[in-house]
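For reference, protein_1.pdb is printed below; it contains PDB, C-alpha atoms and all ligand atoms.
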```pdb
ATOM      1  CA  MET A   1      86.963 110.270  89.916  1.00  0.00           C
ATOM      2  CA  ARG A   2      88.376 108.142  92.706  1.00  0.00           C
ATOM      3  CA  VAL A   3      92.145 108.068  92.271  1.00  0.00           C
ATOM      4  CA  LEU A   4      94.732 105.788  93.851  1.00  0.00           C
ATOM      5  CA  VAL A   5      98.128 107.450  94.367  1.00  0.00           C
ATOM      6  CA  THR A   6     101.302 105.642  95.429  1.00  0.00           C
ATOM      7  CA  ALA A   7     104.046 107.809  96.902  1.00  0.00           C
ATOM      8  CA  GLY A   8     107.369 107.800  98.706  1.00  0.00           C
ATOM      9  CA  PRO A   9     110.033 105.125  98.970  1.00  0.00           C
ATOM     10  CA  THR A  10     109.603 101.564 100.158  1.00  0.00           C
ATOM     11  CA  ARG A  11     111.786 100.062 102.856  1.00  0.00           C
ATOM     12  CA  GLU A  12     112.880  96.465 102.634  1.00  0.00           C
ATOM     13  CA  PRO A  13     114.011  95.174 106.034  1.00  0.00           C
ATOM     14  CA  LEU A  14     117.156  93.118 106.624  1.00  0.00           C
ATOM     15  CA  ASP A  15     116.730  92.797 110.383  1.00  0.00           C
ATOM     16  CA  PRO A  16     114.753  94.677 113.073  1.00  0.00           C
ATOM     17  CA  VAL A  17     116.883  97.821 112.694  1.00  0.00           C
ATOM     18  CA  ARG A  18     118.200  97.857 109.118  1.00  0.00           C
ATOM     19  CA  PHE A  19     116.580  98.185 105.720  1.00  0.00           C
ATOM     20  CA  LEU A  20     117.293  98.809 102.039  1.00  0.00           C
ATOM     21  CA  GLY A  21     115.735 102.070 100.915  1.00  0.00           C
ATOM     22  CA  ASN A  22     116.095 105.011  98.547  1.00  0.00           C
ATOM     23  CA  ARG A  23     116.138 108.810  98.564  1.00  0.00           C
ATOM     24  CA  SER A  24     112.527 109.458  97.502  1.00  0.00           C
ATOM     25  CA  SER A  25     111.050 112.251  99.658  1.00  0.00           C
ATOM     26  CA  GLY A  26     107.462 111.568  98.593  1.00  0.00           C
ATOM     27  CA  ARG A  27     106.957 115.241  97.696  1.00  0.00           C
ATOM     28  CA  MET A  28     105.846 114.655  94.098  1.00  0.00           C
ATOM     29  CA  GLY A  29     103.269 112.022  95.081  1.00  0.00           C
ATOM     30  CA  TYR A  30     101.862 114.115  97.937  1.00  0.00           C
ATOM     31  CA  SER A  31     101.761 117.168  95.691  1.00  0.00           C
ATOM     32  CA  ILE A  32      99.828 115.182  93.055  1.00  0.00           C
ATOM     33  CA  ALA A  33      97.422 113.975  95.749  1.00  0.00           C
ATOM     34  CA  ARG A  34      96.758 117.614  96.726  1.00  0.00           C
ATOM     35  CA  ALA A  35      96.305 118.661  93.071  1.00  0.00           C
ATOM     36  CA  LEU A  36      93.774 115.838  92.564  1.00  0.00           C
ATOM     37  CA  LEU A  37      91.849 116.871  95.684  1.00  0.00           C
ATOM     38  CA  ALA A  38      91.844 120.521  94.559  1.00  0.00           C
ATOM     39  CA  ARG A  39      90.171 119.464  91.299  1.00  0.00           C
ATOM     40  CA  GLY A  40      87.447 117.638  93.221  1.00  0.00           C
ATOM     41  CA  HIS A  41      88.737 114.079  92.866  1.00  0.00           C
ATOM     42  CA  GLU A  42      88.648 111.575  95.716  1.00  0.00           C
ATOM     43  CA  VAL A  43      92.141 110.396  96.681  1.00  0.00           C
ATOM     44  CA  ILE A  44      93.476 107.237  98.284  1.00  0.00           C
ATOM     45  CA  LEU A  45      97.120 107.832  99.113  1.00  0.00           C
ATOM     46  CA  VAL A  46      99.224 104.727  99.778  1.00  0.00           C
ATOM     47  CA  SER A  47     102.609 105.863 100.975  1.00  0.00           C
ATOM     48  CA  GLY A  48     105.927 104.519 102.136  1.00  0.00           C
ATOM     49  CA  PRO A  49     107.683 106.260 105.045  1.00  0.00           C
ATOM     50  CA  THR A  50     108.162 110.016 104.476  1.00  0.00           C
ATOM     51  CA  ALA A  51     108.515 113.110 106.649  1.00  0.00           C
ATOM     52  CA  LEU A  52     105.413 114.648 105.035  1.00  0.00           C
ATOM     53  CA  LYS A  53     101.934 115.253 106.399  1.00  0.00           C
ATOM     54  CA  PRO A  54      99.302 113.593 104.226  1.00  0.00           C
ATOM     55  CA  PRO A  55      96.478 115.868 103.028  1.00  0.00           C
ATOM     56  CA  LYS A  56      93.573 115.605 105.502  1.00  0.00           C
ATOM     57  CA  ALA A  57      90.992 115.053 102.773  1.00  0.00           C
ATOM     58  CA  ALA A  58      92.750 111.955 101.415  1.00  0.00           C
ATOM     59  CA  THR A  59      92.196 108.405 102.607  1.00  0.00           C
ATOM     60  CA  PHE A  60      95.674 107.557 103.826  1.00  0.00           C
ATOM     61  CA  GLU A  61      97.452 104.226 104.168  1.00  0.00           C
ATOM     62  CA  GLN A  62     100.999 104.038 105.440  1.00  0.00           C
ATOM     63  CA  VAL A  63     103.044 101.031 104.360  1.00  0.00           C
ATOM     64  CA  GLU A  64     106.662 100.054 104.538  1.00  0.00           C
ATOM     65  CA  THR A  65     107.566  97.362 102.009  1.00  0.00           C
ATOM     66  CA  ALA A  66     106.734  96.945  98.319  1.00  0.00           C
ATOM     67  CA  ARG A  67     104.661  93.882  99.101  1.00  0.00           C
ATOM     68  CA  GLN A  68     102.660  95.793 101.711  1.00  0.00           C
ATOM     69  CA  MET A  69     102.161  98.588  99.170  1.00  0.00           C
ATOM     70  CA  LEU A  70     100.869  96.106  96.591  1.00  0.00           C
ATOM     71  CA  ALA A  71      98.456  94.545  99.110  1.00  0.00           C
ATOM     72  CA  ALA A  72      97.089  97.971 100.149  1.00  0.00           C
ATOM     73  CA  CYS A  73      96.738  99.056  96.506  1.00  0.00           C
ATOM     74  CA  ARG A  74      94.998  95.830  95.453  1.00  0.00           C
ATOM     75  CA  LYS A  75      92.419  96.395  98.189  1.00  0.00           C
ATOM     76  CA  HIS A  76      91.543  99.878  96.894  1.00  0.00           C
ATOM     77  CA  TRP A  77      92.060  99.442  93.154  1.00  0.00           C
ATOM     78  CA  LYS A  78      88.733  97.653  92.565  1.00  0.00           C
ATOM     79  CA  ALA A  79      86.831 100.801  93.529  1.00  0.00           C
ATOM     80  CA  CYS A  80      89.132 103.319  91.780  1.00  0.00           C
ATOM     81  CA  ASP A  81      88.915 104.976  88.361  1.00  0.00           C
ATOM     82  CA  ALA A  82      92.584 105.867  87.977  1.00  0.00           C
ATOM     83  CA  ILE A  83      96.028 105.228  89.419  1.00  0.00           C
ATOM     84  CA  PHE A  84      98.981 107.598  89.646  1.00  0.00           C
ATOM     85  CA  GLY A  85     102.023 105.447  90.472  1.00  0.00           C
ATOM     86  CA  VAL A  86     104.501 107.917  91.910  1.00  0.00           C
ATOM     87  CA  ALA A  87     106.201 105.709  94.506  1.00  0.00           C
ATOM     88  CA  ALA A  88     109.890 104.845  94.215  1.00  0.00           C
ATOM     89  CA  VAL A  89     109.347 101.144  94.809  1.00  0.00           C
ATOM     90  CA  ALA A  90     112.472  99.155  95.684  1.00  0.00           C
ATOM     91  CA  ASP A  91     113.230  96.819  92.795  1.00  0.00           C
ATOM     92  CA  TYR A  92     114.597  94.152  95.136  1.00  0.00           C
ATOM     93  CA  ARG A  93     114.188  92.992  98.725  1.00  0.00           C
ATOM     94  CA  PRO A  94     116.530  90.897 100.890  1.00  0.00           C
ATOM     95  CA  ALA A  95     115.745  87.201 100.458  1.00  0.00           C
ATOM     96  CA  LYS A  96     116.093  86.665 104.208  1.00  0.00           C
ATOM     97  CA  PHE A  97     114.869  88.680 107.153  1.00  0.00           C
ATOM     98  CA  SER A  98     116.762  88.104 110.373  1.00  0.00           C
ATOM     99  CA  LYS A  99     114.559  88.383 113.468  1.00  0.00           C
ATOM    100  CA  ARG A 100     117.708  89.204 115.434  1.00  0.00           C
ATOM    101  CA  LYS A 101     119.952  92.147 114.707  1.00  0.00           C
ATOM    102  CA  LEU A 102     122.729  90.947 112.407  1.00  0.00           C
ATOM    103  CA  LYS A 103     126.038  90.899 114.237  1.00  0.00           C
ATOM    104  CA  ARG A 104     129.129  92.653 112.997  1.00  0.00           C
ATOM    105  CA  ASN A 105     132.016  90.377 112.094  1.00  0.00           C
ATOM    106  CA  PRO A 106     135.043  92.338 110.831  1.00  0.00           C
ATOM    107  CA  ASN A 107     136.705  89.115 109.639  1.00  0.00           C
ATOM    108  CA  GLU A 108     133.954  88.019 107.315  1.00  0.00           C
ATOM    109  CA  ASP A 109     132.495  89.395 104.081  1.00  0.00           C
ATOM    110  CA  ARG A 110     128.764  89.382 103.976  1.00  0.00           C
ATOM    111  CA  CYS A 111     126.526  88.930 100.925  1.00  0.00           C
ATOM    112  CA  ILE A 112     122.910  89.935 100.801  1.00  0.00           C
ATOM    113  CA  GLU A 113     120.813  87.817  98.505  1.00  0.00           C
ATOM    114  CA  LEU A 114     118.057  89.827  96.821  1.00  0.00           C
ATOM    115  CA  LEU A 115     114.716  88.815  95.349  1.00  0.00           C
ATOM    116  CA  PRO A 116     112.806  90.925  92.807  1.00  0.00           C
ATOM    117  CA  ASN A 117     109.807  92.849  94.131  1.00  0.00           C
ATOM    118  CA  PRO A 118     106.480  92.903  92.318  1.00  0.00           C
ATOM    119  CA  ASP A 119     105.846  95.822  89.942  1.00  0.00           C
ATOM    120  CA  ILE A 120     102.857  97.460  91.617  1.00  0.00           C
ATOM    121  CA  LEU A 121     101.795  99.728  88.788  1.00  0.00           C
ATOM    122  CA  ALA A 122     102.218  97.057  86.095  1.00  0.00           C
ATOM    123  CA  THR A 123     100.302  94.519  88.191  1.00  0.00           C
ATOM    124  CA  LEU A 124      97.332  96.846  88.669  1.00  0.00           C
ATOM    125  CA  ALA A 125      97.371  98.400  85.191  1.00  0.00           C
ATOM    126  CA  ARG A 126      97.391  94.967  83.527  1.00  0.00           C
ATOM    127  CA  SER A 127      93.688  94.568  84.283  1.00  0.00           C
ATOM    128  CA  LYS A 128      92.735  98.253  84.203  1.00  0.00           C
ATOM    129  CA  GLY A 129      90.172  98.087  81.403  1.00  0.00           C
ATOM    130  CA  ARG A 130      89.161 101.676  80.619  1.00  0.00           C
ATOM    131  CA  ARG A 131      90.604 103.066  83.831  1.00  0.00           C
ATOM    132  CA  VAL A 132      93.466 105.547  83.591  1.00  0.00           C
ATOM    133  CA  ALA A 133      97.027 104.647  84.661  1.00  0.00           C
ATOM    134  CA  LEU A 134      99.907 107.095  84.940  1.00  0.00           C
ATOM    135  CA  GLY A 135     103.468 106.295  85.898  1.00  0.00           C
ATOM    136  CA  PHE A 136     106.758 108.104  86.349  1.00  0.00           C
ATOM    137  CA  ALA A 137     110.060 107.316  84.701  1.00  0.00           C
ATOM    138  CA  LEU A 138     113.226 108.685  86.211  1.00  0.00           C
ATOM    139  CA  GLU A 139     115.858 108.370  83.510  1.00  0.00           C
ATOM    140  CA  SER A 140     119.274 109.909  83.074  1.00  0.00           C
ATOM    141  CA  GLY A 141     120.010 111.164  79.567  1.00  0.00           C
ATOM    142  CA  ALA A 142     117.348 111.507  76.855  1.00  0.00           C
ATOM    143  CA  GLY A 143     115.179 108.697  78.201  1.00  0.00           C
ATOM    144  CA  LYS A 144     112.208 109.019  75.821  1.00  0.00           C
ATOM    145  CA  LYS A 145     112.708 105.572  74.315  1.00  0.00           C
ATOM    146  CA  GLU A 146     112.962 103.939  77.734  1.00  0.00           C
ATOM    147  CA  ALA A 147     109.915 105.852  79.020  1.00  0.00           C
ATOM    148  CA  LEU A 148     107.871 104.735  75.989  1.00  0.00           C
ATOM    149  CA  ARG A 149     108.954 101.143  76.604  1.00  0.00           C
ATOM    150  CA  LYS A 150     107.699 101.399  80.200  1.00  0.00           C
ATOM    151  CA  LEU A 151     104.454 103.014  79.010  1.00  0.00           C
ATOM    152  CA  LYS A 152     103.815 100.006  76.760  1.00  0.00           C
ATOM    153  CA  ASP A 153     105.137  97.232  79.037  1.00  0.00           C
ATOM    154  CA  LYS A 154     103.151  98.450  82.048  1.00  0.00           C
ATOM    155  CA  ASN A 155      99.980  99.099  79.994  1.00  0.00           C
ATOM    156  CA  LEU A 156      99.883 102.796  80.989  1.00  0.00           C
ATOM    157  CA  ASP A 157      98.027 105.713  79.419  1.00  0.00           C
ATOM    158  CA  TRP A 158     100.604 108.265  80.536  1.00  0.00           C
ATOM    159  CA  ILE A 159     104.186 108.394  81.638  1.00  0.00           C
ATOM    160  CA  ALA A 160     105.879 111.426  83.152  1.00  0.00           C
ATOM    161  CA  LEU A 161     109.563 111.466  82.333  1.00  0.00           C
ATOM    162  CA  ASN A 162     112.036 113.321  84.496  1.00  0.00           C
ATOM    163  CA  GLY A 163     115.746 113.314  85.188  1.00  0.00           C
ATOM    164  CA  PRO A 164     117.671 112.610  88.404  1.00  0.00           C
ATOM    165  CA  GLU A 165     117.994 116.395  88.979  1.00  0.00           C
ATOM    166  CA  ALA A 166     114.253 116.428  89.831  1.00  0.00           C
ATOM    167  CA  GLN A 167     114.951 114.464  93.056  1.00  0.00           C
ATOM    168  CA  GLY A 168     114.418 116.760  96.002  1.00  0.00           C
ATOM    169  CA  ALA A 169     114.414 119.854  93.723  1.00  0.00           C
ATOM    170  CA  GLU A 170     112.095 122.835  94.301  1.00  0.00           C
ATOM    171  CA  VAL A 171     111.679 123.541  90.590  1.00  0.00           C
ATOM    172  CA  ALA A 172     111.615 120.842  87.916  1.00  0.00           C
ATOM    173  CA  SER A 173     110.409 119.960  84.426  1.00  0.00           C
ATOM    174  CA  LEU A 174     108.490 116.924  83.254  1.00  0.00           C
ATOM    175  CA  ARG A 175     107.963 115.468  79.829  1.00  0.00           C
ATOM    176  CA  LEU A 176     104.511 113.938  79.587  1.00  0.00           C
ATOM    177  CA  LEU A 177     104.174 111.120  77.074  1.00  0.00           C
ATOM    178  CA  GLY A 178     100.794 109.588  76.247  1.00  0.00           C
ATOM    179  CA  ALA A 179      99.719 106.286  74.723  1.00  0.00           C
ATOM    180  CA  ASP A 180      97.805 108.512  72.264  1.00  0.00           C
ATOM    181  CA  GLY A 181     101.089 110.036  71.011  1.00  0.00           C
ATOM    182  CA  THR A 182     101.017 113.121  73.260  1.00  0.00           C
ATOM    183  CA  ASP A 183     104.511 114.504  73.907  1.00  0.00           C
ATOM    184  CA  CYS A 184     104.626 117.757  75.860  1.00  0.00           C
ATOM    185  CA  VAL A 185     106.976 119.444  78.302  1.00  0.00           C
ATOM    186  CA  LEU A 186     105.546 120.808  81.567  1.00  0.00           C
ATOM    187  CA  GLY A 187     107.590 123.381  83.512  1.00  0.00           C
ATOM    188  CA  PRO A 188     110.122 124.328  84.676  1.00  0.00           C
ATOM    189  CA  ALA A 189     107.838 125.019  87.620  1.00  0.00           C
ATOM    190  CA  SER A 190     107.329 124.148  91.273  1.00  0.00           C
ATOM    191  CA  LYS A 191     106.123 120.619  92.019  1.00  0.00           C
ATOM    192  CA  ALA A 192     102.731 122.092  93.020  1.00  0.00           C
ATOM    193  CA  VAL A 193     102.312 123.798  89.620  1.00  0.00           C
ATOM    194  CA  LEU A 194     103.635 120.720  87.773  1.00  0.00           C
ATOM    195  CA  SER A 195     101.210 118.467  89.645  1.00  0.00           C
ATOM    196  CA  ARG A 196      98.227 120.609  88.690  1.00  0.00           C
ATOM    197  CA  ALA A 197      99.286 120.608  85.023  1.00  0.00           C
ATOM    198  CA  LEU A 198      99.823 116.848  85.091  1.00  0.00           C
ATOM    199  CA  VAL A 199      96.417 116.136  86.630  1.00  0.00           C
ATOM    200  CA  ARG A 200      94.658 118.433  84.134  1.00  0.00           C
ATOM    201  CA  ALA A 201      96.414 116.777  81.191  1.00  0.00           C
ATOM    202  CA  ALA A 202      95.938 113.174  82.339  1.00  0.00           C
ATOM    203  CA  ILE A 203      92.411 113.077  83.754  1.00  0.00           C
ATOM    204  CA  GLY A 204      90.996 116.612  83.723  1.00  0.00           C
TER     205      GLY A 204
HETATM  206  O1  LIG B 301     111.186 101.661  88.399  1.00  0.00           O
HETATM  207  P1  LIG B 301     110.523 102.024  87.100  1.00  0.00           P
HETATM  208  O2  LIG B 301     111.295 103.020  86.289  1.00  0.00           O
HETATM  209  O3  LIG B 301     110.049 100.837  86.315  1.00  0.00           O
HETATM  210  O4  LIG B 301     109.210 102.834  87.565  1.00  0.00           O
HETATM  211  C1  LIG B 301     108.276 103.287  86.632  1.00  0.00           C
HETATM  212  C2  LIG B 301     106.913 103.395  87.270  1.00  0.00           C
HETATM  213  O5  LIG B 301     106.488 102.133  87.797  1.00  0.00           O
HETATM  214  C3  LIG B 301     106.797 104.380  88.415  1.00  0.00           C
HETATM  215  O6  LIG B 301     105.574 105.062  88.243  1.00  0.00           O
HETATM  216  C4  LIG B 301     106.775 103.508  89.672  1.00  0.00           C
HETATM  217  O7  LIG B 301     105.963 104.076  90.689  1.00  0.00           O
HETATM  218  C5  LIG B 301     106.162 102.217  89.169  1.00  0.00           C
HETATM  219  N1  LIG B 301     106.714 101.020  89.841  1.00  0.00           N
HETATM  220  C6  LIG B 301     105.893 100.250  90.668  1.00  0.00           C
HETATM  221  N2  LIG B 301     106.411  99.114  91.260  1.00  0.00           N
HETATM  222  C7  LIG B 301     107.686  98.759  91.052  1.00  0.00           C
HETATM  223  C8  LIG B 301     108.536  99.533  90.225  1.00  0.00           C
HETATM  224  C9  LIG B 301     108.008 100.662  89.640  1.00  0.00           C
HETATM  225  O8  LIG B 301     104.721 100.600  90.866  1.00  0.00           O
HETATM  226  N3  LIG B 301     108.154  97.651  91.637  1.00  0.00           N
END
```
Could I get this file's structure written as structure tokens?
Amino acid sequence: MRVLVTAGPTREPLDPVRFLGNRSSGRMGYSIARALLARGHEVILVSGPTALKPPKAATFEQVETARQMLAACRKHWKACDAIFGVAAVADYRPAKFSKRKLKRNPNEDRCIELLPNPDILATLARSKGRRVALGFALESGAGKKEALRKLKDKNLDWIALNGPEAQGAEVASLRLLGADGTDCVLGPASKAVLSRALVRAAIG
């Protein structure tokens, strides 16, 4: 199969030096890309800024913002059989980008107006036909209900549920929920082992 993987955070610029971002390291997405390659799949990895080296065998596209990620994914999606949406896409972006560095004014409060970003996975999975779509849900607490809502709303086949403790962790667990009623726990294991189990379960 040819599989599109999104990974890492997105950065939403405020001015030439500042951005809104998040703590995603990209490790889960890159690990999934490697697991897919190891099982003989072709991988297109569209990634936000990370400190990681992309696997050599993957087609790699580096992006910065959510809108750039969507544009890169749209371009590749036509020719793909599956998508693994692992990126921590910023939900919002600043409504205005200042071409000049914003000046500090200690006597003035500053508000940043935000606009919602597109949902990349939902946008692509909407018209997926028989292609496979997998997403991640990071939820605190039980989270199954919320993960199942996302599975349905985004038209996914699979959703991997994990908790905030998985962020940056060496060893983690995942709960894999399927549109077919599958509900299984993978791990605790390293992200490499988890990725292999996830790939086997979702697309073989
Ligand atoms: O943020 P949320 O919990 O809705 O993320 C669930 C899934 O949707 C993740 O797989 C994430 O990569 C994807 N997503 C996306 N574009 C967004 C928000 C989330 O592709 N704007």
Residue nearest ligand LIG 301 (chain B) - candidates A:Val46, A:Ala169, A:Ala197, A:Leu52, atoms counted: only C-alpha atoms and all ligand atoms: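 So, comparing all the options, the nearest one is A:Val46.
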Could you state which residues are captured by the PyMOL selection byres (((not hetatm)) within 7 of (chain B and resi 301)) in this file, as a list of chain:residue names? A:Thr6, A:Ala66, A:Gly85, A:Val86, A:Ala87, A:Ala88, A:Val89, A:Ala90, A:Asp91, A:Asn117, A:Pro118, A:Asp119, A:Ile120, A:Leu121, A:Ala122, A:Leu134, A:Gly135, A:Phe136, A:Ala137, A:Leu138, A:Lys150
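Closest approach to Leu177 (chain A) among A:Arg104, A:Arg149, A:Lys96, A:Lys128: A:Arg149, based on all atoms listed in the file.
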Target residues per the PyMOL selection byres (((chain A and resi 69) around 9) and not hetatm), formatted as a count of residues only: 20
Which is closer to Val43 (chain A) than all the others in A:Ile159, A:Val171, A:Ala82, A:Val3, using all atoms listed in the file?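 Using all atoms listed in the file, Val43 (chain A) sits closest to A:Val3.
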Compare A:Met1, A:Phe84, A:Ala133, A:Arg100 by their minimum atom-to-atom distance to Arg39 (chain A), counting all atoms listed in the file, and give me the closest one.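 The closest residue to Arg39 (chain A) is A:Met1.
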I need the output of the PyMOL selection byres (((chain A and resi 95) around 12) and not hetatm) for this file as a VMD selection string; which residues are they? chain A and resid 12 to 15 20 92 to 94 96 to 98 111 to 117
Smallest atom-to-atom distance to Ala38 (chain A): which of A:Ala202, A:Cys184, A:Ala142, A:Ala192, using all atoms listed in the file?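 Nearest candidate to Ala38 (chain A) out of A:Ala202, A:Cys184, A:Ala142, A:Ala192: A:Ala192.
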Which residues, protein or nucleic acid, reach to within 6 Å of (100.2, 109.9, 97.1) in the file's coordinates when using all atoms listed in the file, and can you give that as a short mmCIF file (atom, residue, chain, number, x, y, z; two decimals) with C-alpha atoms, in the coordinates of the input?
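What ended up in selection.cif:
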```cif
data_model
loop_
_atom_site.label_atom_id
_atom_site.label_comp_id
_atom_site.auth_asym_id
_atom_site.auth_seq_id
_atom_site.Cartn_x
_atom_site.Cartn_y
_atom_site.Cartn_z
CA VAL A 5 98.13 107.45 94.37
CA THR A 6 101.30 105.64 95.43
CA ALA A 7 104.05 107.81 96.90
CA GLY A 29 103.27 112.02 95.08
CA TYR A 30 101.86 114.12 97.94
CA ALA A 33 97.42 113.98 95.75
CA LEU A 45 97.12 107.83 99.11
CA VAL A 46 99.22 104.73 99.78
#
```
Which residue of A:Leu198, A:Ala35, A:Leu102, A:Ile83 approaches Leu156 (chain A) most closely, using only C-alpha atoms: A:Ile83
To one decimal place in Å, what is the distance between CA of Ile44 (chain A) and CA of Arg2 (chain A)?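 Here the two named atoms are 7.6 Å from each other.
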Length of the CA of Arg200 (chain A) to CA of Ala147 (chain A) vector [Å]: 20.4 Å
If I take CA of Leu37 (chain A) and CA of Gly178 (chain A), how far is one from the other in Å, to one decimal? 22.6 Å
As lines of an AutoDock Vina configuration file: centre and edge lengths in Å, one decimal, of the axis-aligned box holding region 141-151 of chain A with 8 Å per side:
```
center_x = 112.2
center_y = 106.3
center_z = 77.3
size_x = 31.6
size_y = 26.4
size_z = 21.9
```
Within 10 Å of Ala51 (chain A) using all atoms listed in the file, minus same-chain residues under 6 positions, as a short mmCIF file (atom, residue, chain, number, x, y, z; two decimals) with C-alpha atoms, in the coordinates of the input:
```cif
data_model
loop_
_atom_site.label_atom_id
_atom_site.label_comp_id
_atom_site.auth_asym_id
_atom_site.auth_seq_id
_atom_site.Cartn_x
_atom_site.Cartn_y
_atom_site.Cartn_z
CA GLY A 8 107.37 107.80 98.71
CA SER A 25 111.05 112.25 99.66
CA GLY A 26 107.46 111.57 98.59
CA ARG A 27 106.96 115.24 97.70
#
```
Please, which residues are within 9 Å of (113.6, 115.2, 89.0) by the file's coordinates, counting only C-alpha atoms, and could they come as a PyMOL selection string? chain A and resi 138+161-169+171-174
Complete the atom set of region 8-20 of chain A to N, CA, C and O atoms and return it as a PDB file, in the coordinates of the input.
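The resulting out.pdb:
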```
ATOM      1  N   GLY A   8     106.269 108.043  97.774  1.00  0.00           N
ATOM      2  CA  GLY A   8     107.369 107.800  98.706  1.00  0.00           C
ATOM      3  C   GLY A   8     108.203 106.589  98.353  1.00  0.00           C
ATOM      4  O   GLY A   8     107.981 105.929  97.331  1.00  0.00           O
ATOM      5  N   PRO A   9     109.170 106.290  99.195  1.00  0.00           N
ATOM      6  CA  PRO A   9     110.033 105.125  98.970  1.00  0.00           C
ATOM      7  C   PRO A   9     109.388 103.887  99.590  1.00  0.00           C
ATOM      8  O   PRO A   9     108.383 103.997 100.300  1.00  0.00           O
ATOM      9  N   THR A  10     109.928 102.710  99.304  1.00  0.00           N
ATOM     10  CA  THR A  10     109.603 101.564 100.158  1.00  0.00           C
ATOM     11  C   THR A  10     110.869 101.215 100.924  1.00  0.00           C
ATOM     12  O   THR A  10     111.967 101.578 100.517  1.00  0.00           O
ATOM     13  N   ARG A  11     110.671 100.536 102.038  1.00  0.00           N
ATOM     14  CA  ARG A  11     111.786 100.062 102.856  1.00  0.00           C
ATOM     15  C   ARG A  11     111.710  98.557 102.921  1.00  0.00           C
ATOM     16  O   ARG A  11     110.647  98.012 103.214  1.00  0.00           O
ATOM     17  N   GLU A  12     112.839  97.927 102.665  1.00  0.00           N
ATOM     18  CA  GLU A  12     112.880  96.465 102.634  1.00  0.00           C
ATOM     19  C   GLU A  12     113.790  95.987 103.755  1.00  0.00           C
ATOM     20  O   GLU A  12     115.009  96.127 103.663  1.00  0.00           O
ATOM     21  N   PRO A  13     113.216  95.458 104.839  1.00  0.00           N
ATOM     22  CA  PRO A  13     114.011  95.174 106.034  1.00  0.00           C
ATOM     23  C   PRO A  13     114.978  93.992 105.893  1.00  0.00           C
ATOM     24  O   PRO A  13     114.676  93.006 105.229  1.00  0.00           O
ATOM     25  N   LEU A  14     116.139  94.179 106.534  1.00  0.00           N
ATOM     26  CA  LEU A  14     117.156  93.118 106.624  1.00  0.00           C
ATOM     27  C   LEU A  14     117.089  92.449 107.987  1.00  0.00           C
ATOM     28  O   LEU A  14     117.303  91.256 108.125  1.00  0.00           O
ATOM     29  N   ASP A  15     116.844  93.264 109.001  1.00  0.00           N
ATOM     30  CA  ASP A  15     116.730  92.797 110.383  1.00  0.00           C
ATOM     31  C   ASP A  15     115.887  93.850 111.112  1.00  0.00           C
ATOM     32  O   ASP A  15     115.406  94.778 110.474  1.00  0.00           O
ATOM     33  N   PRO A  16     115.681  93.728 112.423  1.00  0.00           N
ATOM     34  CA  PRO A  16     114.753  94.677 113.073  1.00  0.00           C
ATOM     35  C   PRO A  16     115.184  96.145 112.997  1.00  0.00           C
ATOM     36  O   PRO A  16     114.360  97.032 113.202  1.00  0.00           O
ATOM     37  N   VAL A  17     116.448  96.421 112.703  1.00  0.00           N
ATOM     38  CA  VAL A  17     116.883  97.821 112.694  1.00  0.00           C
ATOM     39  C   VAL A  17     117.388  98.315 111.334  1.00  0.00           C
ATOM     40  O   VAL A  17     117.566  99.508 111.156  1.00  0.00           O
ATOM     41  N   ARG A  18     117.612  97.427 110.388  1.00  0.00           N
ATOM     42  CA  ARG A  18     118.200  97.857 109.118  1.00  0.00           C
ATOM     43  C   ARG A  18     117.278  97.559 107.942  1.00  0.00           C
ATOM     44  O   ARG A  18     116.519  96.597 107.964  1.00  0.00           O
ATOM     45  N   PHE A  19     117.400  98.405 106.913  1.00  0.00           N
ATOM     46  CA  PHE A  19     116.580  98.185 105.720  1.00  0.00           C
ATOM     47  C   PHE A  19     117.316  98.678 104.483  1.00  0.00           C
ATOM     48  O   PHE A  19     118.261  99.464 104.581  1.00  0.00           O
ATOM     49  N   LEU A  20     116.847  98.222 103.300  1.00  0.00           N
ATOM     50  CA  LEU A  20     117.293  98.809 102.039  1.00  0.00           C
ATOM     51  C   LEU A  20     116.245  99.833 101.652  1.00  0.00           C
ATOM     52  O   LEU A  20     115.044  99.557 101.708  1.00  0.00           O
TER      53      LEU A  20
END
```
